[in-house]
Amino acid sequence: MNDAPIILLGGASGTGKSQVSYPLARRLASPIVEIDDIVEALQAMTTPEQLPALHYWRANPEAVHLPHERIVEMQISVARALVPAVRAVVANHLETMTPVVVEGDYLLPSTAAELDGVRAVFLHEGDEEQIAENYRLREPSAGAQHGRAVVSRLYGDWLASQAEAAGVPVVPARPWDDVLERVARALNLAPPAV
């Protein structure tokens, strides 16, 4: 395996990706690329006409009131629109042999499975109440976010089923006390030096 690992860490919002990606990056002495930053950059450089899926949420703020299943469909559309950007980031790191941890909601298992030289894992949390609690802890001023938690659970279930079909490991987000080690094992990473 590559001595400079390129790691893709996916999963739905509120599952704990950030809680894993930063310690994982420190362990590997790697930078992190957050897919949300790629989204922001692409939105700044394109128009809704050029990339409609990527601009959908800003152009249609009322869409947060759509049925949960429709919101998940839109999330999948955004993820599919981002595939060329994810491929470009990974290709750059593969070419330069530079390690990186790429994390985000919009990573697709199919993309992770098709990229040679990349290791990937998806975090999954199937409990809507736990996801809502994670949001409450992370964003206390936002109030209860039960609808968002339902969407996250539905999207996370879809991502997990896609990952399993693609042969990409899925790691339960809990228990939290050993999630980093379980992710490292799923990625086939060497234990940290003592």
# chains A, B, ... in the order shown; residues from 1 in each chain; ligands from 1
>>> select_by_dssp(residues="stretch 3-108 of chain A", states="strand (DSSP E)", output="list in words")
Ile6, Ile7, Leu8, Leu9, Gly10, Ile32, Val33, Glu34, Val100, Val101, Val102, Glu103 and Gly104 of chain A
>>> write_last_selection(atoms="C-alpha atoms", output="PDB file, in the first residue's frame")
ATOM      1  CA  ILE A   6      -4.827   9.135   0.468  1.00  0.00           C
ATOM      2  CA  ILE A   7      -7.800   8.579   2.764  1.00  0.00           C
ATOM      3  CA  LEU A   8     -11.437   9.264   1.923  1.00  0.00           C
ATOM      4  CA  LEU A   9     -13.714   9.525   4.952  1.00  0.00           C
ATOM      5  CA  GLY A  10     -17.391   9.778   4.069  1.00  0.00           C
ATOM      6  CA  ILE A  32      -7.244  17.581   5.551  1.00  0.00           C
ATOM      7  CA  VAL A  33      -9.364  18.554   2.577  1.00  0.00           C
ATOM      8  CA  GLU A  34     -12.971  19.179   3.538  1.00  0.00           C
ATOM      9  CA  VAL A 100      -4.247  13.656   2.591  1.00  0.00           C
ATOM     10  CA  VAL A 101      -7.474  12.951   4.439  1.00  0.00           C
ATOM     11  CA  VAL A 102     -10.466  14.009   2.334  1.00  0.00           C
ATOM     12  CA  GLU A 103     -13.673  14.116   4.358  1.00  0.00           C
ATOM     13  CA  GLY A 104     -17.223  15.095   3.700  1.00  0.00           C
TER      14      GLY A 104
END
>>> select_by_dssp(residues="stretch 33-193 of chain A", states="alpha helix (DSSP H)", output="ChimeraX atom specification")
/A:35-45,52-59,68-81,83-96,109-114,128-138,146-166,179-186
>>> closest_atom_pairs(of="stretch 62-128 of chain A", to="stretch 148-152 of chain A", cutoff="12 Å", atoms="only C-alpha atoms", output="Markdown table")
| residue | atom | partner | partner_atom | distance |
| --- | --- | --- | --- | --- |
| A:Val64 | CA | A:Arg148 | CA | 8.7 |
| A:His65 | CA | A:Arg148 | CA | 10.2 |
| A:Leu66 | CA | A:Val151 | CA | 10.6 |
| A:Pro67 | CA | A:Val151 | CA | 9.1 |
| A:His68 | CA | A:Val151 | CA | 5.5 |
| A:Glu69 | CA | A:Val151 | CA | 7.3 |
| A:Arg70 | CA | A:Val151 | CA | 9.3 |
| A:Ile71 | CA | A:Val151 | CA | 7.0 |
| A:Val72 | CA | A:Val151 | CA | 6.3 |
| A:Glu73 | CA | A:Val151 | CA | 10.1 |
| A:Met74 | CA | A:Val151 | CA | 10.8 |
| A:Gln75 | CA | A:Val151 | CA | 9.5 |
| A:Ile76 | CA | A:Val151 | CA | 11.7 |
| A:Asp105 | CA | A:Ser152 | CA | 9.4 |
| A:Tyr106 | CA | A:Ser152 | CA | 11.8 |
| A:Leu123 | CA | A:Ser152 | CA | 12.0 |
| A:His124 | CA | A:Ser152 | CA | 9.9 |
| A:Glu125 | CA | A:Ser152 | CA | 8.9 |
| A:Gly126 | CA | A:Ser152 | CA | 9.0 |
| A:Asp127 | CA | A:Ala149 | CA | 8.7 |
| A:Glu128 | CA | A:Ala149 | CA | 5.3 |
>>> closest_residue(among="A:Leu51, A:Val78, A:Leu159, A:Val121", to="A:Arg182", atoms="only C-alpha atoms")
A:Val121
>>> residues_around(residues="A:Ala113", least_positions_apart="2", cutoff="8 Å", atoms="only C-alpha atoms", output="count of residues only")
9
>>> closest_residue(among="A:Ala25, A:Val171, A:Met97, A:Ala12", to="A:Ala186", atoms="only C-alpha atoms")
A:Val171
>>> residues_around(residues="A:Pro23", least_positions_apart="5", cutoff="9 Å", atoms="only C-alpha atoms", output="VMD selection string")
chain A and resid 18 28 180
>>> residues_around(residues="stretch 40-46 of chain A", least_positions_apart="6", cutoff="10 Å", atoms="only C-alpha atoms", output="list in words")
Pro52, Leu54, His55, Arg58, Leu82 and Ala85 of chain A
>>> write_last_selection(atoms="C-alpha atoms", output="mmCIF file, in the first residue's frame")
data_model
loop_
_atom_site.group_PDB
_atom_site.id
_atom_site.type_symbol
_atom_site.label_atom_id
_atom_site.label_comp_id
_atom_site.auth_asym_id
_atom_site.auth_seq_id
_atom_site.Cartn_x
_atom_site.Cartn_y
_atom_site.Cartn_z
ATOM 1 C CA PRO A 52 -27.304 23.837 -11.024
ATOM 2 C CA LEU A 54 -24.212 22.711 -6.662
ATOM 3 C CA HIS A 55 -26.123 25.992 -6.361
ATOM 4 C CA ARG A 58 -28.636 28.723 -2.143
ATOM 5 C CA LEU A 82 -18.778 17.019 -7.146
ATOM 6 C CA ALA A 85 -13.617 17.824 -8.234
#
>>> closest_residue(among="A:Leu108, A:Val179, A:Leu94, A:Leu137", to="A:Glu164", atoms="only C-alpha atoms")
A:Leu108
>>> atom_distance(atom1="atom CA of A:Gln162", atom2="atom CA of A:His93")
24.8 Å
>>> closest_residue(among="A:Ala29, A:Val86, A:Ala53, A:Ile131", to="A:Leu154", atoms="only C-alpha atoms")
A:Ile131
>>> atom_distance(atom1="atom CA of A:Asp37", atom2="atom CA of A:Ser13")
14.8 Å
>>> atom_distance(atom1="atom CA of A:Val118", atom2="atom CA of A:Tyr155")
23.0 Å
>>> decode(residues="stretch 122-157 of chain A", atoms="N, CA, C and O atoms", output="CSV table (one decimal), in the first residue's frame")
chain,number,residue,atom,x,y,z
A,122,PHE,N,-16.6,4.7,5.4
A,122,PHE,CA,-17.7,5.5,5.6
A,122,PHE,C,-18.2,5.3,7.0
A,122,PHE,O,-18.4,4.2,7.5
A,123,LEU,N,-18.4,6.4,7.7
A,123,LEU,CA,-19.0,6.3,9.1
A,123,LEU,C,-20.5,6.3,8.9
A,123,LEU,O,-21.1,6.9,8.1
A,124,HIS,N,-21.2,5.5,9.8
A,124,HIS,CA,-22.6,5.4,9.8
A,124,HIS,C,-23.2,5.5,11.2
A,124,HIS,O,-22.7,4.9,12.1
A,125,GLU,N,-24.2,6.4,11.3
A,125,GLU,CA,-25.0,6.5,12.5
A,125,GLU,C,-26.5,6.3,12.1
A,125,GLU,O,-27.0,7.1,11.3
A,126,GLY,N,-27.1,5.2,12.5
A,126,GLY,CA,-28.5,4.9,12.1
A,126,GLY,C,-29.6,5.4,13.1
A,126,GLY,O,-30.8,5.2,12.8
A,127,ASP,N,-29.2,6.1,14.1
A,127,ASP,CA,-30.2,6.6,15.1
A,127,ASP,C,-30.4,8.1,15.0
A,127,ASP,O,-29.5,8.9,15.3
A,128,GLU,N,-31.6,8.4,14.5
A,128,GLU,CA,-32.0,9.8,14.3
A,128,GLU,C,-31.9,10.7,15.5
A,128,GLU,O,-31.4,11.8,15.5
A,129,GLU,N,-32.2,10.1,16.7
A,129,GLU,CA,-32.2,10.8,17.9
A,129,GLU,C,-30.7,11.2,18.3
A,129,GLU,O,-30.4,12.2,18.8
A,130,GLN,N,-29.8,10.2,18.0
A,130,GLN,CA,-28.4,10.5,18.3
A,130,GLN,C,-27.9,11.6,17.3
A,130,GLN,O,-27.1,12.4,17.8
A,131,ILE,N,-28.3,11.5,16.1
A,131,ILE,CA,-27.8,12.5,15.1
A,131,ILE,C,-28.4,13.9,15.6
A,131,ILE,O,-27.6,14.9,15.6
A,132,ALA,N,-29.6,14.0,16.0
A,132,ALA,CA,-30.2,15.2,16.5
A,132,ALA,C,-29.4,15.7,17.7
A,132,ALA,O,-29.1,16.9,17.8
A,133,GLU,N,-29.0,14.8,18.6
A,133,GLU,CA,-28.2,15.2,19.7
A,133,GLU,C,-26.8,15.7,19.3
A,133,GLU,O,-26.3,16.7,19.9
A,134,ASN,N,-26.2,15.0,18.3
A,134,ASN,CA,-25.0,15.5,17.8
A,134,ASN,C,-25.1,16.9,17.3
A,134,ASN,O,-24.2,17.7,17.5
A,135,TYR,N,-26.1,17.2,16.6
A,135,TYR,CA,-26.4,18.6,16.1
A,135,TYR,C,-26.5,19.6,17.2
A,135,TYR,O,-26.0,20.7,17.2
A,136,ARG,N,-27.3,19.1,18.2
A,136,ARG,CA,-27.5,20.0,19.4
A,136,ARG,C,-26.2,20.4,20.1
A,136,ARG,O,-26.0,21.5,20.4
A,137,LEU,N,-25.3,19.4,20.2
A,137,LEU,CA,-24.0,19.6,20.9
A,137,LEU,C,-23.1,20.5,20.0
A,137,LEU,O,-22.4,21.4,20.5
A,138,ARG,N,-23.2,20.3,18.7
A,138,ARG,CA,-22.3,21.0,17.7
A,138,ARG,C,-22.8,22.4,17.5
A,138,ARG,O,-22.1,23.3,17.3
A,139,GLU,N,-24.2,22.6,17.4
A,139,GLU,CA,-24.8,23.8,17.0
A,139,GLU,C,-25.9,24.2,18.0
A,139,GLU,O,-27.1,24.2,17.7
A,140,PRO,N,-25.5,24.5,19.3
A,140,PRO,CA,-26.6,24.7,20.3
A,140,PRO,C,-27.5,25.8,20.0
A,140,PRO,O,-28.7,25.7,20.4
A,141,SER,N,-27.1,26.8,19.3
A,141,SER,CA,-28.0,28.0,19.0
A,141,SER,C,-29.0,27.7,17.9
A,141,SER,O,-29.9,28.5,17.7
A,142,ALA,N,-28.9,26.6,17.2
A,142,ALA,CA,-29.8,26.2,16.1
A,142,ALA,C,-31.1,25.6,16.6
A,142,ALA,O,-32.0,25.5,15.8
A,143,GLY,N,-31.2,25.2,17.8
A,143,GLY,CA,-32.4,24.6,18.3
A,143,GLY,C,-32.5,23.1,17.8
A,143,GLY,O,-31.5,22.6,17.3
A,144,ALA,N,-33.6,22.6,18.0
A,144,ALA,CA,-33.9,21.2,17.7
A,144,ALA,C,-33.8,21.0,16.1
A,144,ALA,O,-34.4,21.9,15.4
A,145,GLN,N,-33.1,20.0,15.7
A,145,GLN,CA,-33.0,19.8,14.2
A,145,GLN,C,-33.4,18.4,13.8
A,145,GLN,O,-32.7,17.7,13.2
A,146,HIS,N,-34.6,18.1,14.3
A,146,HIS,CA,-35.1,16.7,14.0
A,146,HIS,C,-35.3,16.4,12.6
A,146,HIS,O,-34.9,15.3,12.1
A,147,GLY,N,-35.8,17.3,11.8
A,147,GLY,CA,-36.0,17.1,10.4
A,147,GLY,C,-34.7,16.8,9.7
A,147,GLY,O,-34.5,15.9,8.8
A,148,ARG,N,-33.7,17.6,10.0
A,148,ARG,CA,-32.3,17.5,9.5
A,148,ARG,C,-31.7,16.1,9.9
A,148,ARG,O,-31.1,15.5,9.1
A,149,ALA,N,-32.0,15.7,11.1
A,149,ALA,CA,-31.5,14.4,11.6
A,149,ALA,C,-32.2,13.3,10.8
A,149,ALA,O,-31.5,12.3,10.4
A,150,VAL,N,-33.5,13.4,10.4
A,150,VAL,CA,-34.1,12.4,9.6
A,150,VAL,C,-33.5,12.3,8.3
A,150,VAL,O,-33.1,11.2,7.8
A,151,VAL,N,-33.2,13.4,7.6
A,151,VAL,CA,-32.6,13.5,6.3
A,151,VAL,C,-31.2,12.8,6.4
A,151,VAL,O,-30.8,12.0,5.6
A,152,SER,N,-30.4,13.2,7.5
A,152,SER,CA,-29.1,12.6,7.6
A,152,SER,C,-29.1,11.1,7.8
A,152,SER,O,-28.3,10.4,7.2
A,153,ARG,N,-30.1,10.6,8.6
A,153,ARG,CA,-30.2,9.2,8.7
A,153,ARG,C,-30.5,8.5,7.4
A,153,ARG,O,-29.9,7.5,7.0
A,154,LEU,N,-31.5,9.1,6.7
A,154,LEU,CA,-31.8,8.5,5.4
A,154,LEU,C,-30.7,8.5,4.4
A,154,LEU,O,-30.4,7.5,3.7
A,155,TYR,N,-30.0,9.6,4.3
A,155,TYR,CA,-28.8,9.7,3.4
A,155,TYR,C,-27.7,8.8,3.9
A,155,TYR,O,-27.1,8.1,3.1
A,156,GLY,N,-27.5,8.7,5.2
A,156,GLY,CA,-26.5,7.8,5.7
A,156,GLY,C,-26.8,6.4,5.5
A,156,GLY,O,-25.9,5.6,5.1
A,157,ASP,N,-28.0,6.0,5.6
A,157,ASP,CA,-28.4,4.6,5.2
A,157,ASP,C,-28.1,4.3,3.8
A,157,ASP,O,-27.6,3.3,3.4
